[in-house]
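Worksheet for the structure shown next.
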Amino acid sequence: MGLLDRRLTLLLALVALTGLAIALPRVAEDAPESAAVLSLPSSLDGWVMATGAPEDVLPRDPRAIDAARATYVKDGRTVFVGIGRYRQRSDPDWRPSINLIAPEHGVASVSRESLTIGLGGGAARPLPVNFVSVRQPDGDVSVLYWYQVGHETMADTVRLRLALLANALRLRGQEVWLVRIATSTAVRPADFVRVFHPWLVKALSP
């Protein structure tokens with residue numbers, strides 16, 4: 001199936017799910033949600049946590065119900081992690097804000113691309129992520145990010161909308177998360193992602 005056919009299939013599915021979500025009565029305003037965001041680990045394979053993360057690297061998103069941010073250091077390298085939990089709705093006013101993924105004030109240029117990160121191991125699927133590179137007068141910022149709905153990892157916002165519409169058809173929706181991993185350089189922190197993602201999947205397991 002070609003790229004155009006896949007996009008058309010996703011679009012038709014999105015339209016169909018939207019119709020179903022509108023037609024069916026809602027059981028409640030929101031499905032039950034967990035009490036708080038995940039607690040980030042104090043260390044991961046030699047990466048040691050420091051408190052918080054700078055606003056000029058990982059901006060806060062006011063749409064998030066809960067959020068956790070931390071700095072990790074290993075062998076002189078630093079990465080910043082941000083996790084946000086969002087309402088289980090397809091309403092665009094509640095989805096993660098694409099404009100707050102990475103800093104945009106005072107930037108010289110912004111580039112975006114989609115890519116995959118190999119996680120190692122024969123059975124492990126490559127992780128789909130988005131990459132944002134921001135060039136500022138005083139330095140670069142690089143952010144890898146993806147969405148988690150339940151145990152499904154996705155980078156495409158169309159797939160996110162499909163998953164959120166599917167949430168509307170369930171008696172109990174799945175948790176919606178935005179995961180961001182950043183550096184204050186142009187380096188992509190793929191090696192940290194390979195350590196962090198397995199921890200995240202396990203932490204989200206019931």
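Naming scheme: A, B, ... for chains in displayed order of the structure tokens; residues 1 onward per chain; ligands 1 onward as shown.
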**Message:** Give me the residues near A:Ala108 as a PyMOL selection string, where near means some atom within 9 Å (using only C-alpha atoms) and where sequence neighbours in that chain fewer than 3 positions away do not count.
**Reply:** chain A and resi 104+134-137
For those residues, write N, CA and C atoms to a file as a tab-separated table (two decimals), in the first residue's frame.
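part-v3.tsv written:
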chain	number	residue	atom	x	y	z
A	104	GLU	N	10.09	28.56	21.31
A	104	GLU	CA	9.95	29.24	20.03
A	104	GLU	C	10.25	30.74	20.12
A	134	VAL	N	15.96	23.43	17.29
A	134	VAL	CA	15.76	24.88	17.42
A	134	VAL	C	17.11	25.56	17.52
A	135	ARG	N	17.34	26.50	16.67
A	135	ARG	CA	18.59	27.27	16.72
A	135	ARG	C	18.29	28.64	17.31
A	136	GLN	N	18.99	28.95	18.40
A	136	GLN	CA	18.82	30.23	19.08
A	136	GLN	C	20.13	31.02	19.03
A	137	PRO	N	20.07	32.33	19.25
A	137	PRO	CA	21.31	33.12	19.23
A	137	PRO	C	22.36	32.64	20.22
Any idea what's packed within 9 Å of A:Ala182, counting only C-alpha atoms, ignoring anything in its chain fewer than 2 positions away? Could you give it as a short mmCIF file (atom, residue, chain, number, x, y, z; two decimals) with N, CA and C atoms, in the first residue's frame?
data_model
loop_
_atom_site.label_atom_id
_atom_site.label_comp_id
_atom_site.auth_asym_id
_atom_site.auth_seq_id
_atom_site.Cartn_x
_atom_site.Cartn_y
_atom_site.Cartn_z
N VAL A 57 14.26 25.12 27.58
CA VAL A 57 14.51 23.89 26.84
C VAL A 57 13.21 23.09 26.69
N LEU A 58 12.44 22.95 27.78
CA LEU A 58 11.16 22.24 27.76
C LEU A 58 10.07 23.16 28.30
N THR A 78 24.22 15.87 29.48
CA THR A 78 22.98 16.24 30.15
C THR A 78 21.80 16.09 29.20
N VAL A 79 20.73 15.46 29.68
CA VAL A 79 19.48 15.42 28.93
C VAL A 79 18.36 15.90 29.86
N PHE A 80 17.29 16.39 29.24
CA PHE A 80 16.14 16.89 29.98
C PHE A 80 14.92 16.08 29.58
N VAL A 81 14.12 15.69 30.56
CA VAL A 81 12.96 14.84 30.30
C VAL A 81 11.69 15.54 30.79
N GLY A 82 10.66 15.51 29.98
CA GLY A 82 9.36 16.04 30.37
C GLY A 82 8.26 15.06 30.00
N ALA A 102 8.78 22.62 21.93
CA ALA A 102 10.13 23.17 22.08
C ALA A 102 10.03 24.69 22.15
N VAL A 141 18.79 23.83 20.72
CA VAL A 141 17.97 22.93 21.53
C VAL A 141 17.44 21.84 20.61
N SER A 142 17.57 20.59 21.03
CA SER A 142 17.05 19.46 20.26
C SER A 142 16.05 18.71 21.13
N VAL A 143 14.89 18.39 20.56
CA VAL A 143 13.84 17.70 21.31
C VAL A 143 13.34 16.50 20.50
N LEU A 144 13.42 15.33 21.08
CA LEU A 144 12.75 14.14 20.56
C LEU A 144 11.45 13.97 21.33
N TYR A 145 10.34 13.71 20.63
CA TYR A 145 9.09 13.54 21.36
C TYR A 145 8.17 12.55 20.66
N ARG A 180 8.77 14.00 26.13
CA ARG A 180 9.79 14.82 25.47
C ARG A 180 11.16 14.55 26.10
N SER A 184 20.45 20.55 25.23
CA SER A 184 20.72 21.96 24.91
C SER A 184 21.83 22.08 23.87
N THR A 185 21.92 21.06 23.03
CA THR A 185 22.86 21.05 21.91
C THR A 185 22.13 20.51 20.69
N ARG A 188 21.20 14.54 19.04
CA ARG A 188 19.97 13.80 19.30
C ARG A 188 20.23 12.78 20.42
N PRO A 189 19.45 12.82 21.49
CA PRO A 189 19.71 11.94 22.64
C PRO A 189 19.13 10.54 22.46
#
**Prompt:** Which parts of stretch 90-187 of chain A does DSSP call strand (DSSP E or B) when run on the backbone here, written out as a VMD selection string?
**Reply:** chain A and resid 109 to 117 127 to 136 139 to 149 152 to 154 176 to 183
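Look at stretch 149-161 of chain A: the protein and nucleic acid residues within 6 Å of it, using only C-alpha atoms and passing over chain neighbours fewer than 2 places away, are Pro128, Val129, Asn130, Trp146, Tyr147, Ala163, Leu164, Gln174, Glu175 and Val176 of chain A.
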**Item:** Members of stretch 96-194 of chain A assigned helix (DSSP H, G or I) by DSSP, as number ranges by chain
**Value:** A: 98-100, 157-168, 190-194
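Atom pair atom CA of A:His105 / atom CA of A:Asp56 has a distance of 8.8 Å (rounded to one decimal).
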**Message:** Please list as a list in words every residue within 10 Å of A:Arg63, counting only C-alpha atoms and excluding residues in the same chain fewer than 6 positions away.
**Reply:** Gly84, Arg85, Tyr86, Arg87, Asp93, Trp94, Arg95, Pro96 and Ser97 of chain A
**Prompt:** Which residues come within 10 Å of A:Asp191, counting only C-alpha atoms, excluding same-chain residues fewer than 6 positions away, as a PyMOL selection string?
**Reply:** chain A and resi 117-119
**Prompt:** Taking into account only C-alpha atoms, which residue in the set A:Leu127, A:Leu40, A:Ala64, A:Val48 is nearest to A:Arg194?
**Reply:** A:Leu127
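Take the candidates A:Val107, A:Pro198, A:Ile65, A:Leu169 and check each one against A:Asp138 using only C-alpha atoms; the shortest distance goes to A:Val107.
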